[in-house]
Amino acid sequence: MSVPLLEIRGLEAALVRPPHAPLLRGVDLTLDPGQVHGLVGESGAGKSTVGKAILGILPKAIAVTGGTIRFAGEDLLKMRPSRFFSLLGRDIALIPQDPMSALNPARRVGAQIADGLRLRRGMRGAKLREKVLSLLTEVQIADPEAVIARYPHELSGGMRQRVLIAAAFAVDPKLVIADEPTTALDVTVQKEVLRLIRRMQARHGTGVVFVTHDLGVVAQLCDQVTVLFEGRVVEQGATAAVLAQPAHAYTRALIEASPRHDRPDSGMRPIPEHIITALKAERVHGGEAADG
Amino acid sequence: MAEAPGEAIVEAKDLELELPDMNARVLFGRRPRVRVLHPVSLSVRRGEILGIVGESGSGKTSLGRALLRLHEPTGGKLTFEGRDITHLDEARLRPLRARMQFIFQDPQSSLNPRRRVAASLEAALALRAGRLDRKERRRELEVVAEQVGLPTPLLDRYPHELSGGQRQRVGIARAVITRPHFVLADEIVSGLDVSTQAQVLVLLKRLAGELGLALVFISHDLSVIRNFCDRVCVMRAGRIVESGTCGALFEAPRTDYTRTLLDAIPLPSPQPGWLDGAPDTAACRS
Ligand SMILES: Nc1ncnc2c1ncn2[C@@H]1O[C@H](COP(=O)(O)OP(=O)(O)OP(=O)(O)O)[C@@H](O)[C@H]1O
Ligand SMILES: Nc1ncnc2c1ncn2[C@@H]1O[C@H](COP(=O)(O)OP(=O)(O)OP(=O)(O)O)[C@@H](O)[C@H]1O
Ligand SMILES: [Mg+2]
Ligand SMILES: [Mg+2]
């Protein structure tokens with residue numbers, strides 16, 4: 001069997017300050033090339049922390065305290081910084097949640113998409129410009145010539161997200177981390193953006209870790225899914241199987257909390273307290289509390 | 001359309017709204033005006049939850065603000081509890097303000113970040129009961145905190161020290177502390193995870209029932225609307241293009257636009273072809 005694109009084993013992270021509250025408690029996750037892996041869970045479960053750990057962009061307050069993150073076989077955590085930074089932005093890219101904060105408000109959109117190509121691929125001049133235009137066309141922007149000259153605030157939210165998708169895929173990365181890239185968007189725009197990510201990912205053979213709390217998005221977009229609760233993997237597997245036959249009561253509860261427009265009286269059921277209590281108890285018995 | 005119980009609290013008849021066009025570049029003279037609402041008619045009864053859905057820019061917030069008389073309509077008629085308030089001036093609206101409240105999407109921006117939760121709630125309380133002493137005010141705050149399931153120690157925190165769900169509870173507390181008859185909730189659960197979303201909606205539904213609220217619930221998520229509202233209006237480009245009870249509208253949407261909106265909300269079970277863009281898959285739901 002070939003090497004997985006991404007292989008996370010026993011990943012642990014904690015707050016730097018005492019009492020070093022653990023945020024990730026032994027997360028395992030495997031992603032094969034060209035697959036989309038959904039990371040779901042409630043707010044605070046640690047989804048973004050996993051994504052940031054992969055990208056090496058954890059805030060100063062959080063540190064990785066154990067485990068490995070292998071990218072095509074190489075441990076990102078043990079890699080020399082120079083090697084790591086050469087991977088970042090070339091083989092590994094990010095599609096962030098908030099396009100406004102990810103784009104520099106004072107620079108034209110075209111120049112920002114060109115950055116990666118210039119720095120990582122050494123493109124220049126007319127060739128560079130051509131590539132940027134073709135990327136914008138690829139993300140379904142109707143008038144790319146006009147858009148490259150615009151500033152971020154002159155674009156709608158959906159357009160900005162398209163620009164960021166174009167920027168992420170510009171350098172043909174092998175792995176894309178998408179952290180709730182559609183949460184801020186209108187539903188019809190969200191669908192277009194998801195479609196776009198799916199198409200770009202399939203066309204470029206990119207592996208994607210997709211962070212979301214929307215099981216609907218997971219169901220349609222992701223091949224595999226990991227359910228996180230308080231930094232721990234509660235359930236993991238092929239999306240269709242996990243959603244049709246969740247093995248864990250917590251996953252079932254998440255599904256039952258999700259409303260559906262094709263059924264009356266669906267969703268709107270908060271996660272029952274006893275499930276949360278049982279999960280927390282499991283953790284104590286799991287012996288992880290002894291590690292700290 | 002099934003008749004909901006209770007008398008009409010808010011009634012809009014052919015409501016129109018024009019606003020100064022913020023997008024226009026004005027060098028001199030008056031800002032040109034844009035038409036934001038074309039004649040729109042609706043009514044909300046006591047104890048009824050009316051959903052408003054539509055794509056971004058369809059006019060949901062503008063309609064909501066007009067219903068609250070935060071905008072003055074430029075045509076048509078708006079009544080609140082039987083009284084014509086279409087062109088009432090601010091002084092005469094003021095006594096009514098406590099009875100018409102709103103909850104916005106991002107309580108962080110509608111709550112003053114430099115004020116503790118308690119201070120924000122007290123400011124709202126003053127709309128209904130201006131002359132309470134410290135102890136009475138605290139008592140009122142504790143009652144409302146209990147109502148919305150907010151632990152009382154959180155009253156002394158700042159908004160940024162709360163989770164999204166807790167902030168939304170504060171937003172609800174701030175609205176209900178004035179004992180309103182009409183509440184507008186504008187995209188209040190869109191940023192929340194499903195479990196927190198369920199908690200907030202269960203809470204709001206219970207309060208709406210207990211207080212007999214006329215509740216207008218704006219959302220772009222038809223999955224939420226179907227399971228939360230009694231009736232729904234679908235907006236497009238400043239018009240209501242379709243309306244009805246949730247049962248009727250979701251079973252048999254009449255416009256392609258509504259079907260498009262439905263189809264845009266992914267269900268939490270695989271829908272083959274959803275991302276391939278097979279047209280109108282929503283029309284052949286099982
Ligand atoms: N800069 C920080 N300092 C301290 N704690 C942090 C920081 N960032 C995140 N945390 C904590 O780490 C935990 C995991 O956060 P994370 O952002 O990974 O959650 P998430 O699953 O992405 O949630 P959401 O759905 O809200 O984005 C939370 O308990 C959070 O409070
Ligand atoms: N002052 C203004 N000047 C110009 N256009 C305006 C003004 N106020 C609102 N609009 C326009 O009116 C339309 C309706 O806006 P509104 O905010 O009510 O939409 P919405 O349905 O609430 O959208 P969203 O889902 O994004 O919140 C939009 O096209 C908006 O750009
Ligand atoms: Mg996150
Ligand atoms: Mg709005």
# chains A, B, ... in the order shown; residues from 1 in each chain; ligands from 1

call {"tool": "residues_near_ligand", "arguments": {"ligand": "ligand 1", "cutoff": "6 Å", "atoms": "only C-alpha atoms and all ligand atoms", "output": "number ranges by chain"}}
result
A: 23, 42-49, 59, 61

call {"tool": "residues_near_ligand", "arguments": {"ligand": "ligand 2", "cutoff": "6 Å", "atoms": "only C-alpha atoms and all ligand atoms", "output": "short mmCIF file (atom, residue, chain, number, x, y, z; two decimals) with all heavy atoms, in the first residue's frame"}}
result
data_model
loop_
_atom_site.label_atom_id
_atom_site.label_comp_id
_atom_site.auth_asym_id
_atom_site.auth_seq_id
_atom_site.Cartn_x
_atom_site.Cartn_y
_atom_site.Cartn_z
N LEU B 19 -34.49 53.67 0.32
CA LEU B 19 -33.44 54.18 1.20
C LEU B 19 -32.45 54.99 0.37
O LEU B 19 -32.30 54.75 -0.82
CB LEU B 19 -32.70 53.02 1.87
CG LEU B 19 -33.49 52.17 2.86
CD1 LEU B 19 -32.67 50.97 3.28
CD2 LEU B 19 -33.89 52.99 4.08
N PRO B 20 -31.77 55.95 1.03
CA PRO B 20 -30.71 56.66 0.32
C PRO B 20 -29.68 55.64 -0.14
O PRO B 20 -29.28 54.78 0.65
CB PRO B 20 -30.11 57.58 1.40
CG PRO B 20 -31.10 57.60 2.51
CD PRO B 20 -31.91 56.36 2.42
N ASP B 21 -29.28 55.71 -1.36
CA ASP B 21 -28.39 54.68 -1.92
C ASP B 21 -26.96 54.87 -1.43
O ASP B 21 -26.26 55.79 -1.82
CB ASP B 21 -28.43 54.75 -3.45
CG ASP B 21 -27.69 53.58 -4.08
OD1 ASP B 21 -27.04 52.83 -3.33
OD2 ASP B 21 -27.80 53.43 -5.30
N MET B 22 -26.55 53.97 -0.56
CA MET B 22 -25.21 54.08 0.02
C MET B 22 -24.13 53.74 -1.00
O MET B 22 -22.97 54.04 -0.80
CB MET B 22 -25.08 53.13 1.22
CG MET B 22 -25.86 53.61 2.43
SD MET B 22 -25.88 55.40 2.56
CE MET B 22 -25.64 55.63 4.26
N ASN B 23 -24.52 53.07 -2.08
CA ASN B 23 -23.52 52.70 -3.08
C ASN B 23 -23.25 53.79 -4.10
O ASN B 23 -22.28 53.74 -4.84
CB ASN B 23 -23.95 51.43 -3.81
CG ASN B 23 -24.13 50.28 -2.84
OD1 ASN B 23 -23.37 50.15 -1.89
ND2 ASN B 23 -25.15 49.48 -3.06
N VAL B 34 -32.68 54.12 -3.43
CA VAL B 34 -32.92 52.79 -4.02
C VAL B 34 -34.16 52.17 -3.40
O VAL B 34 -34.45 52.37 -2.23
CB VAL B 34 -31.76 51.79 -3.77
CG1 VAL B 34 -30.66 51.97 -4.76
CG2 VAL B 34 -31.27 51.84 -2.35
N VAL B 36 -35.86 49.26 -1.88
CA VAL B 36 -35.42 48.06 -1.17
C VAL B 36 -36.58 47.09 -0.98
O VAL B 36 -36.41 45.88 -1.09
CB VAL B 36 -34.77 48.43 0.17
CG1 VAL B 36 -34.35 47.19 0.92
CG2 VAL B 36 -33.56 49.34 -0.05
N GLU B 55 -32.41 34.77 -0.39
CA GLU B 55 -30.97 34.84 -0.52
C GLU B 55 -30.45 36.18 -0.01
O GLU B 55 -31.23 37.09 0.26
CB GLU B 55 -30.55 34.59 -1.97
CG GLU B 55 -31.06 35.63 -2.93
CD GLU B 55 -30.91 35.18 -4.38
OE1 GLU B 55 -30.03 34.35 -4.67
OE2 GLU B 55 -31.68 35.67 -5.21
N SER B 56 -29.16 36.26 0.13
CA SER B 56 -28.54 37.48 0.62
C SER B 56 -28.94 38.66 -0.27
O SER B 56 -28.92 38.55 -1.49
CB SER B 56 -27.02 37.30 0.62
OG SER B 56 -26.42 38.41 1.20
N GLY B 57 -29.34 39.76 0.36
CA GLY B 57 -29.72 40.94 -0.40
C GLY B 57 -31.17 40.94 -0.85
O GLY B 57 -31.61 41.85 -1.55
N SER B 58 -31.94 39.93 -0.44
CA SER B 58 -33.33 39.87 -0.88
C SER B 58 -34.22 40.84 -0.11
O SER B 58 -35.36 41.07 -0.49
CB SER B 58 -33.87 38.44 -0.75
OG SER B 58 -33.75 37.99 0.57
N GLY B 59 -33.71 41.40 1.00
CA GLY B 59 -34.48 42.42 1.71
C GLY B 59 -35.03 41.98 3.05
O GLY B 59 -35.87 42.67 3.64
N LYS B 60 -34.55 40.85 3.58
CA LYS B 60 -35.08 40.33 4.84
C LYS B 60 -34.85 41.30 6.00
O LYS B 60 -35.77 41.64 6.73
CB LYS B 60 -34.42 38.98 5.18
CG LYS B 60 -34.52 37.96 4.07
CD LYS B 60 -33.86 36.64 4.45
CE LYS B 60 -32.35 36.69 4.62
NZ LYS B 60 -31.59 36.95 3.39
N THR B 61 -33.60 41.74 6.14
CA THR B 61 -33.28 42.64 7.24
C THR B 61 -34.00 43.98 7.07
O THR B 61 -34.53 44.53 8.03
CB THR B 61 -31.75 42.85 7.33
OG1 THR B 61 -31.15 41.59 7.59
CG2 THR B 61 -31.37 43.82 8.43
N SER B 62 -34.04 44.47 5.84
CA SER B 62 -34.73 45.74 5.59
C SER B 62 -36.20 45.63 5.96
O SER B 62 -36.76 46.53 6.59
CB SER B 62 -34.61 46.13 4.12
OG SER B 62 -33.25 46.17 3.74
#

call {"tool": "closest_atom_pairs", "arguments": {"of": "chain B", "to": "ligand 4", "cutoff": "12 Å", "atoms": "only C-alpha atoms and all ligand atoms", "output": "Markdown table"}}
result
| residue | atom | partner | partner_atom_place_in_ligand_line | distance |
| --- | --- | --- | --- | --- |
| B:Ile52 | CA | ligand 4 | 1 (Mg) | 10.4 |
| B:Val53 | CA | ligand 4 | 1 (Mg) | 9.9 |
| B:Gly54 | CA | ligand 4 | 1 (Mg) | 9.4 |
| B:Glu55 | CA | ligand 4 | 1 (Mg) | 9.2 |
| B:Ser56 | CA | ligand 4 | 1 (Mg) | 6.8 |
| B:Gly57 | CA | ligand 4 | 1 (Mg) | 7.0 |
| B:Ser58 | CA | ligand 4 | 1 (Mg) | 8.3 |
| B:Gly59 | CA | ligand 4 | 1 (Mg) | 7.0 |
| B:Lys60 | CA | ligand 4 | 1 (Mg) | 5.5 |
| B:Thr61 | CA | ligand 4 | 1 (Mg) | 4.1 |
| B:Ser62 | CA | ligand 4 | 1 (Mg) | 7.2 |
| B:Leu63 | CA | ligand 4 | 1 (Mg) | 9.2 |
| B:Gly64 | CA | ligand 4 | 1 (Mg) | 8.7 |
| B:Arg65 | CA | ligand 4 | 1 (Mg) | 9.8 |
| B:Phe104 | CA | ligand 4 | 1 (Mg) | 9.3 |
| B:Gln105 | CA | ligand 4 | 1 (Mg) | 8.7 |
| B:Asp106 | CA | ligand 4 | 1 (Mg) | 11.3 |
| B:Leu184 | CA | ligand 4 | 1 (Mg) | 11.8 |
| B:Ala185 | CA | ligand 4 | 1 (Mg) | 10.5 |
| B:Asp186 | CA | ligand 4 | 1 (Mg) | 6.8 |
| B:Glu187 | CA | ligand 4 | 1 (Mg) | 7.3 |
| B:Ile188 | CA | ligand 4 | 1 (Mg) | 10.6 |
| B:Ser190 | CA | ligand 4 | 1 (Mg) | 11.4 |
| B:Phe217 | CA | ligand 4 | 1 (Mg) | 11.3 |
| B:Ile218 | CA | ligand 4 | 1 (Mg) | 7.9 |
| B:Ser219 | CA | ligand 4 | 1 (Mg) | 8.4 |
| B:His220 | CA | ligand 4 | 1 (Mg) | 9.1 |
| B:Met235 | CA | ligand 4 | 1 (Mg) | 11.5 |
| B:Gly238 | CA | ligand 4 | 1 (Mg) | 11.9 |

call {"tool": "residues_around", "arguments": {"residues": "Asp75 of chain A", "least_positions_apart": "6", "cutoff": "10 Å", "atoms": "only C-alpha atoms", "output": "number ranges by chain"}}
result
A: 6-8, 67-69, 84

call {"tool": "write_last_selection", "arguments": {"atoms": "all heavy atoms", "output": "tab-separated table (two decimals), in the first residue's frame"}}
result
chain	number	residue	atom	x	y	z
A	6	LEU	N	-1.52	12.20	4.40
A	6	LEU	CA	-1.43	12.78	5.74
A	6	LEU	C	-1.73	11.69	6.75
A	6	LEU	O	-2.72	10.96	6.61
A	6	LEU	CB	-2.45	13.92	5.88
A	6	LEU	CG	-2.51	14.62	7.23
A	6	LEU	CD1	-1.26	15.49	7.44
A	6	LEU	CD2	-3.76	15.49	7.33
A	7	GLU	N	-0.85	11.56	7.72
A	7	GLU	CA	-1.08	10.54	8.74
A	7	GLU	C	-0.79	11.14	10.11
A	7	GLU	O	0.36	11.41	10.45
A	7	GLU	CB	-0.20	9.33	8.48
A	7	GLU	CG	-0.56	8.16	9.36
A	7	GLU	CD	0.28	6.93	9.03
A	7	GLU	OE1	1.43	7.09	8.58
A	7	GLU	OE2	-0.23	5.82	9.23
A	8	ILE	N	-1.86	11.38	10.85
A	8	ILE	CA	-1.71	11.96	12.18
A	8	ILE	C	-1.87	10.82	13.19
A	8	ILE	O	-2.82	10.04	13.11
A	8	ILE	CB	-2.79	13.04	12.43
A	8	ILE	CG1	-2.66	14.16	11.38
A	8	ILE	CG2	-2.70	13.60	13.84
A	8	ILE	CD1	-3.71	15.25	11.53
A	67	GLY	N	2.76	13.12	19.78
A	67	GLY	CA	2.22	12.57	18.54
A	67	GLY	C	3.02	12.97	17.32
A	67	GLY	O	4.02	13.69	17.42
A	68	THR	N	2.56	12.50	16.17
A	68	THR	CA	3.25	12.80	14.92
A	68	THR	C	2.24	13.26	13.87
A	68	THR	O	1.08	12.88	13.91
A	68	THR	CB	3.95	11.55	14.35
A	68	THR	OG1	2.98	10.51	14.22
A	68	THR	CG2	5.08	11.08	15.25
A	69	ILE	N	2.71	14.10	12.97
A	69	ILE	CA	1.92	14.51	11.81
A	69	ILE	C	2.78	14.22	10.59
A	69	ILE	O	3.71	14.97	10.30
A	69	ILE	CB	1.56	16.01	11.84
A	69	ILE	CG1	0.83	16.37	13.13
A	69	ILE	CG2	0.71	16.37	10.61
A	69	ILE	CD1	0.52	17.86	13.27
A	84	PHE	N	10.13	22.83	6.34
A	84	PHE	CA	8.70	22.99	6.60
A	84	PHE	C	8.13	24.17	5.83
A	84	PHE	O	7.09	24.06	5.19
A	84	PHE	CB	8.46	23.17	8.11
A	84	PHE	CG	7.01	23.29	8.47
A	84	PHE	CD1	6.18	22.18	8.41
A	84	PHE	CD2	6.47	24.51	8.84
A	84	PHE	CE1	4.84	22.29	8.72
A	84	PHE	CE2	5.12	24.62	9.15
A	84	PHE	CZ	4.31	23.51	9.10

call {"tool": "closest_residue", "arguments": {"among": "A:Glu230, A:Asp265, A:Asp98, A:Glu12", "to": "chain B", "atoms": "only C-alpha atoms"}}
result
A:Asp265

call {"tool": "select_by_dssp", "arguments": {"residues": "segment 158-251 of chain A", "states": "strand (DSSP E)", "output": "ChimeraX atom specification"}}
result
/A:175-179,207-211,224-229,232-238

call {"tool": "write_last_selection", "arguments": {"atoms": "N, CA, C and O atoms", "output": "PDB file, in the first residue's frame"}}
result
ATOM      1  N   LEU A 175      -2.110  19.044  -0.442  1.00  0.00           N
ATOM      2  CA  LEU A 175      -3.016  19.016   0.707  1.00  0.00           C
ATOM      3  C   LEU A 175      -3.574  20.409   0.945  1.00  0.00           C
ATOM      4  O   LEU A 175      -2.827  21.391   0.973  1.00  0.00           O
ATOM      5  N   VAL A 176      -4.896  20.492   1.101  1.00  0.00           N
ATOM      6  CA  VAL A 176      -5.526  21.766   1.432  1.00  0.00           C
ATOM      7  C   VAL A 176      -6.266  21.608   2.753  1.00  0.00           C
ATOM      8  O   VAL A 176      -6.987  20.632   2.955  1.00  0.00           O
ATOM      9  N   ILE A 177      -6.042  22.545   3.656  1.00  0.00           N
ATOM     10  CA  ILE A 177      -6.807  22.579   4.896  1.00  0.00           C
ATOM     11  C   ILE A 177      -7.849  23.680   4.723  1.00  0.00           C
ATOM     12  O   ILE A 177      -7.501  24.840   4.507  1.00  0.00           O
ATOM     13  N   ALA A 178      -9.117  23.306   4.791  1.00  0.00           N
ATOM     14  CA  ALA A 178     -10.188  24.292   4.649  1.00  0.00           C
ATOM     15  C   ALA A 178     -10.910  24.388   5.991  1.00  0.00           C
ATOM     16  O   ALA A 178     -11.498  23.416   6.453  1.00  0.00           O
ATOM     17  N   ASP A 179     -10.815  25.549   6.637  1.00  0.00           N
ATOM     18  CA  ASP A 179     -11.424  25.707   7.953  1.00  0.00           C
ATOM     19  C   ASP A 179     -12.715  26.510   7.822  1.00  0.00           C
ATOM     20  O   ASP A 179     -12.695  27.720   7.725  1.00  0.00           O
ATOM     21  N   GLY A 207      -5.711  16.311  -1.669  1.00  0.00           N
ATOM     22  CA  GLY A 207      -6.352  15.838  -0.446  1.00  0.00           C
ATOM     23  C   GLY A 207      -6.828  17.045   0.350  1.00  0.00           C
ATOM     24  O   GLY A 207      -6.155  18.072   0.377  1.00  0.00           O
ATOM     25  N   VAL A 208      -8.009  16.947   0.945  1.00  0.00           N
ATOM     26  CA  VAL A 208      -8.553  18.090   1.678  1.00  0.00           C
ATOM     27  C   VAL A 208      -8.981  17.663   3.080  1.00  0.00           C
ATOM     28  O   VAL A 208      -9.648  16.647   3.249  1.00  0.00           O
ATOM     29  N   VAL A 209      -8.560  18.437   4.073  1.00  0.00           N
ATOM     30  CA  VAL A 209      -9.137  18.307   5.411  1.00  0.00           C
ATOM     31  C   VAL A 209     -10.123  19.449   5.540  1.00  0.00           C
ATOM     32  O   VAL A 209      -9.752  20.617   5.434  1.00  0.00           O
ATOM     33  N   PHE A 210     -11.397  19.099   5.710  1.00  0.00           N
ATOM     34  CA  PHE A 210     -12.446  20.103   5.678  1.00  0.00           C
ATOM     35  C   PHE A 210     -13.091  20.225   7.062  1.00  0.00           C
ATOM     36  O   PHE A 210     -13.761  19.317   7.525  1.00  0.00           O
ATOM     37  N   VAL A 211     -12.849  21.362   7.709  1.00  0.00           N
ATOM     38  CA  VAL A 211     -13.396  21.597   9.045  1.00  0.00           C
ATOM     39  C   VAL A 211     -14.778  22.233   8.933  1.00  0.00           C
ATOM     40  O   VAL A 211     -14.952  23.210   8.211  1.00  0.00           O
ATOM     41  N   GLN A 224     -14.485  10.760   3.966  1.00  0.00           N
ATOM     42  CA  GLN A 224     -14.300  10.242   5.317  1.00  0.00           C
ATOM     43  C   GLN A 224     -14.688  11.327   6.304  1.00  0.00           C
ATOM     44  O   GLN A 224     -14.665  12.508   5.967  1.00  0.00           O
ATOM     45  N   VAL A 225     -14.996  10.904   7.522  1.00  0.00           N
ATOM     46  CA  VAL A 225     -15.325  11.904   8.534  1.00  0.00           C
ATOM     47  C   VAL A 225     -14.754  11.493   9.886  1.00  0.00           C
ATOM     48  O   VAL A 225     -14.672  10.303  10.204  1.00  0.00           O
ATOM     49  N   THR A 226     -14.329  12.512  10.637  1.00  0.00           N
ATOM     50  CA  THR A 226     -13.885  12.308  12.016  1.00  0.00           C
ATOM     51  C   THR A 226     -14.743  13.183  12.910  1.00  0.00           C
ATOM     52  O   THR A 226     -14.887  14.376  12.653  1.00  0.00           O
ATOM     53  N   VAL A 227     -15.335  12.580  13.941  1.00  0.00           N
ATOM     54  CA  VAL A 227     -16.128  13.341  14.898  1.00  0.00           C
ATOM     55  C   VAL A 227     -15.275  13.587  16.136  1.00  0.00           C
ATOM     56  O   VAL A 227     -14.791  12.643  16.758  1.00  0.00           O
ATOM     57  N   LEU A 228     -15.073  14.856  16.439  1.00  0.00           N
ATOM     58  CA  LEU A 228     -14.253  15.223  17.598  1.00  0.00           C
ATOM     59  C   LEU A 228     -15.142  15.681  18.743  1.00  0.00           C
ATOM     60  O   LEU A 228     -16.154  16.358  18.541  1.00  0.00           O
ATOM     61  N   PHE A 229     -14.737  15.315  19.948  1.00  0.00           N
ATOM     62  CA  PHE A 229     -15.383  15.866  21.143  1.00  0.00           C
ATOM     63  C   PHE A 229     -14.289  16.172  22.149  1.00  0.00           C
ATOM     64  O   PHE A 229     -13.523  15.286  22.527  1.00  0.00           O
ATOM     65  N   ARG A 232     -10.905  14.792  21.353  1.00  0.00           N
ATOM     66  CA  ARG A 232     -10.758  13.360  21.213  1.00  0.00           C
ATOM     67  C   ARG A 232     -11.594  12.867  20.041  1.00  0.00           C
ATOM     68  O   ARG A 232     -12.680  13.394  19.785  1.00  0.00           O
ATOM     69  N   VAL A 233     -11.108  11.829  19.351  1.00  0.00           N
ATOM     70  CA  VAL A 233     -11.884  11.257  18.258  1.00  0.00           C
ATOM     71  C   VAL A 233     -12.953  10.336  18.846  1.00  0.00           C
ATOM     72  O   VAL A 233     -12.639   9.369  19.523  1.00  0.00           O
ATOM     73  N   VAL A 234     -14.208  10.692  18.578  1.00  0.00           N
ATOM     74  CA  VAL A 234     -15.307   9.881  19.089  1.00  0.00           C
ATOM     75  C   VAL A 234     -15.658   8.805  18.070  1.00  0.00           C
ATOM     76  O   VAL A 234     -15.981   7.671  18.419  1.00  0.00           O
ATOM     77  N   GLU A 235     -15.607   9.178  16.820  1.00  0.00           N
ATOM     78  CA  GLU A 235     -15.959   8.227  15.775  1.00  0.00           C
ATOM     79  C   GLU A 235     -15.302   8.656  14.477  1.00  0.00           C
ATOM     80  O   GLU A 235     -15.102   9.836  14.228  1.00  0.00           O
ATOM     81  N   GLN A 236     -14.998   7.668  13.637  1.00  0.00           N
ATOM     82  CA  GLN A 236     -14.258   7.946  12.413  1.00  0.00           C
ATOM     83  C   GLN A 236     -14.620   6.886  11.381  1.00  0.00           C
ATOM     84  O   GLN A 236     -14.809   5.733  11.748  1.00  0.00           O
ATOM     85  N   GLY A 237     -14.734   7.283  10.121  1.00  0.00           N
ATOM     86  CA  GLY A 237     -15.002   6.277   9.098  1.00  0.00           C
ATOM     87  C   GLY A 237     -15.505   6.887   7.819  1.00  0.00           C
ATOM     88  O   GLY A 237     -15.489   8.114   7.650  1.00  0.00           O
ATOM     89  N   ALA A 238     -15.963   6.016   6.914  1.00  0.00           N
ATOM     90  CA  ALA A 238     -16.530   6.480   5.654  1.00  0.00           C
ATOM     91  C   ALA A 238     -17.810   7.258   5.965  1.00  0.00           C
ATOM     92  O   ALA A 238     -18.640   6.809   6.757  1.00  0.00           O
TER      93      ALA A 238
END

call {"tool": "closest_atom_pairs", "arguments": {"of": "chain B", "to": "ligand 3", "cutoff": "12 Å", "atoms": "only C-alpha atoms and all ligand atoms", "output": "Markdown table"}}
result
| residue | atom | partner | partner_atom_place_in_ligand_line | distance |
| --- | --- | --- | --- | --- |
| B:Gly191 | CA | ligand 3 | 1 (Mg) | 11.3 |
| B:Leu192 | CA | ligand 3 | 1 (Mg) | 11.2 |
| B:Asp193 | CA | ligand 3 | 1 (Mg) | 10.4 |

call {"tool": "write_last_selection", "arguments": {"atoms": "N, CA and C atoms", "output": "mmCIF file, in the first residue's frame"}}
result
data_model
loop_
_atom_site.group_PDB
_atom_site.id
_atom_site.type_symbol
_atom_site.label_atom_id
_atom_site.label_comp_id
_atom_site.auth_asym_id
_atom_site.auth_seq_id
_atom_site.Cartn_x
_atom_site.Cartn_y
_atom_site.Cartn_z
ATOM 1 N N GLY B 191 -24.291 31.411 13.095
ATOM 2 C CA GLY B 191 -22.889 31.141 13.411
ATOM 3 C C GLY B 191 -22.677 30.001 14.399
ATOM 4 N N LEU B 192 -23.768 29.374 14.853
ATOM 5 C CA LEU B 192 -23.646 28.426 15.960
ATOM 6 C C LEU B 192 -23.564 26.980 15.478
ATOM 7 N N ASP B 193 -22.880 26.135 16.252
ATOM 8 C CA ASP B 193 -22.859 24.719 15.882
ATOM 9 C C ASP B 193 -24.239 24.108 16.147
#

call {"tool": "select_by_dssp", "arguments": {"residues": "segment 8-254 of chain A", "states": "alpha helix (DSSP H)", "output": "JSON, numbers by chain"}}
result
{"A": [47, 48, 49, 50, 51, 52, 53, 54, 55, 81, 82, 83, 84, 85, 86, 87, 99, 100, 101, 102, 109, 110, 111, 112, 113, 114, 115, 116, 117, 118, 119, 120, 121, 125, 126, 127, 128, 129, 130, 131, 132, 133, 134, 135, 136, 137, 138, 144, 145, 146, 147, 157, 158, 159, 160, 161, 162, 163, 164, 165, 166, 167, 168, 169, 170, 187, 188, 189, 190, 191, 192, 193, 194, 195, 196, 197, 198, 199, 200, 201, 202, 203, 204, 215, 216, 217, 218, 219, 220, 221, 239, 240, 241, 242, 243, 244, 249, 250, 251, 252, 253, 254]}

call {"tool": "residues_around", "arguments": {"residues": "Glu154 of chain A", "least_positions_apart": "2", "cutoff": "12 Å", "atoms": "only C-alpha atoms", "output": "MDAnalysis selection string"}}
result
(chainID A and resid 100 105:109 146:152 156:160) or (chainID B and resid 23)

call {"tool": "closest_atom_pairs", "arguments": {"of": "chain B", "to": "chain A", "cutoff": "7 Å", "atoms": "only C-alpha atoms", "output": "tab-separated table"}}
result
residue	atom	partner	partner_atom	distance
B:Glu55	CA	A:Asp186	CA	6.5
B:Ser56	CA	A:Asp186	CA	5.9
B:Asp193	CA	A:His213	CA	5.7
B:Val194	CA	A:Ser258	CA	5.8
B:Ser195	CA	A:Pro270	CA	5.1
B:Ala198	CA	A:Met268	CA	4.2
B:Gln199	CA	A:Pro270	CA	5.3
B:Leu201	CA	A:Met268	CA	7.0
B:Val202	CA	A:Met268	CA	6.7
B:His220	CA	A:Val187	CA	6.8
B:Leu222	CA	A:His261	CA	6.0
B:Ser223	CA	A:His261	CA	4.0
B:Val224	CA	A:Pro259	CA	5.8
B:Arg226	CA	A:His261	CA	5.9
B:Asn227	CA	A:Asp265	CA	5.6
B:Leu261	CA	A:Thr188	CA	6.7
B:Ala264	CA	A:Thr188	CA	5.3
B:Ile265	CA	A:Val187	CA	6.5
B:Pro266	CA	A:Gly216	CA	4.6
B:Leu267	CA	A:Gly216	CA	4.6
B:Pro268	CA	A:Gly216	CA	3.9
B:Ser269	CA	A:Ala219	CA	5.2
B:Pro270	CA	A:Ala219	CA	4.8
B:Gln271	CA	A:Gln220	CA	6.4
B:Trp274	CA	A:Gln220	CA	6.7
B:Leu275	CA	A:Arg195	CA	5.2
B:Arg285	CA	A:Asp262	CA	6.9

call {"tool": "residues_around", "arguments": {"residues": "segment 122-135 of chain B", "least_positions_apart": "2", "cutoff": "12 Å", "atoms": "only C-alpha atoms", "output": "ChimeraX atom specification"}}
result
/B:94-102,111-112,115-120,137-144,155-156,170-180

call {"tool": "atom_distance", "arguments": {"atom1": "atom CA of Leu121 of chain B", "atom2": "atom CA of Ala145 of chain B"}}
result
9.8 Å
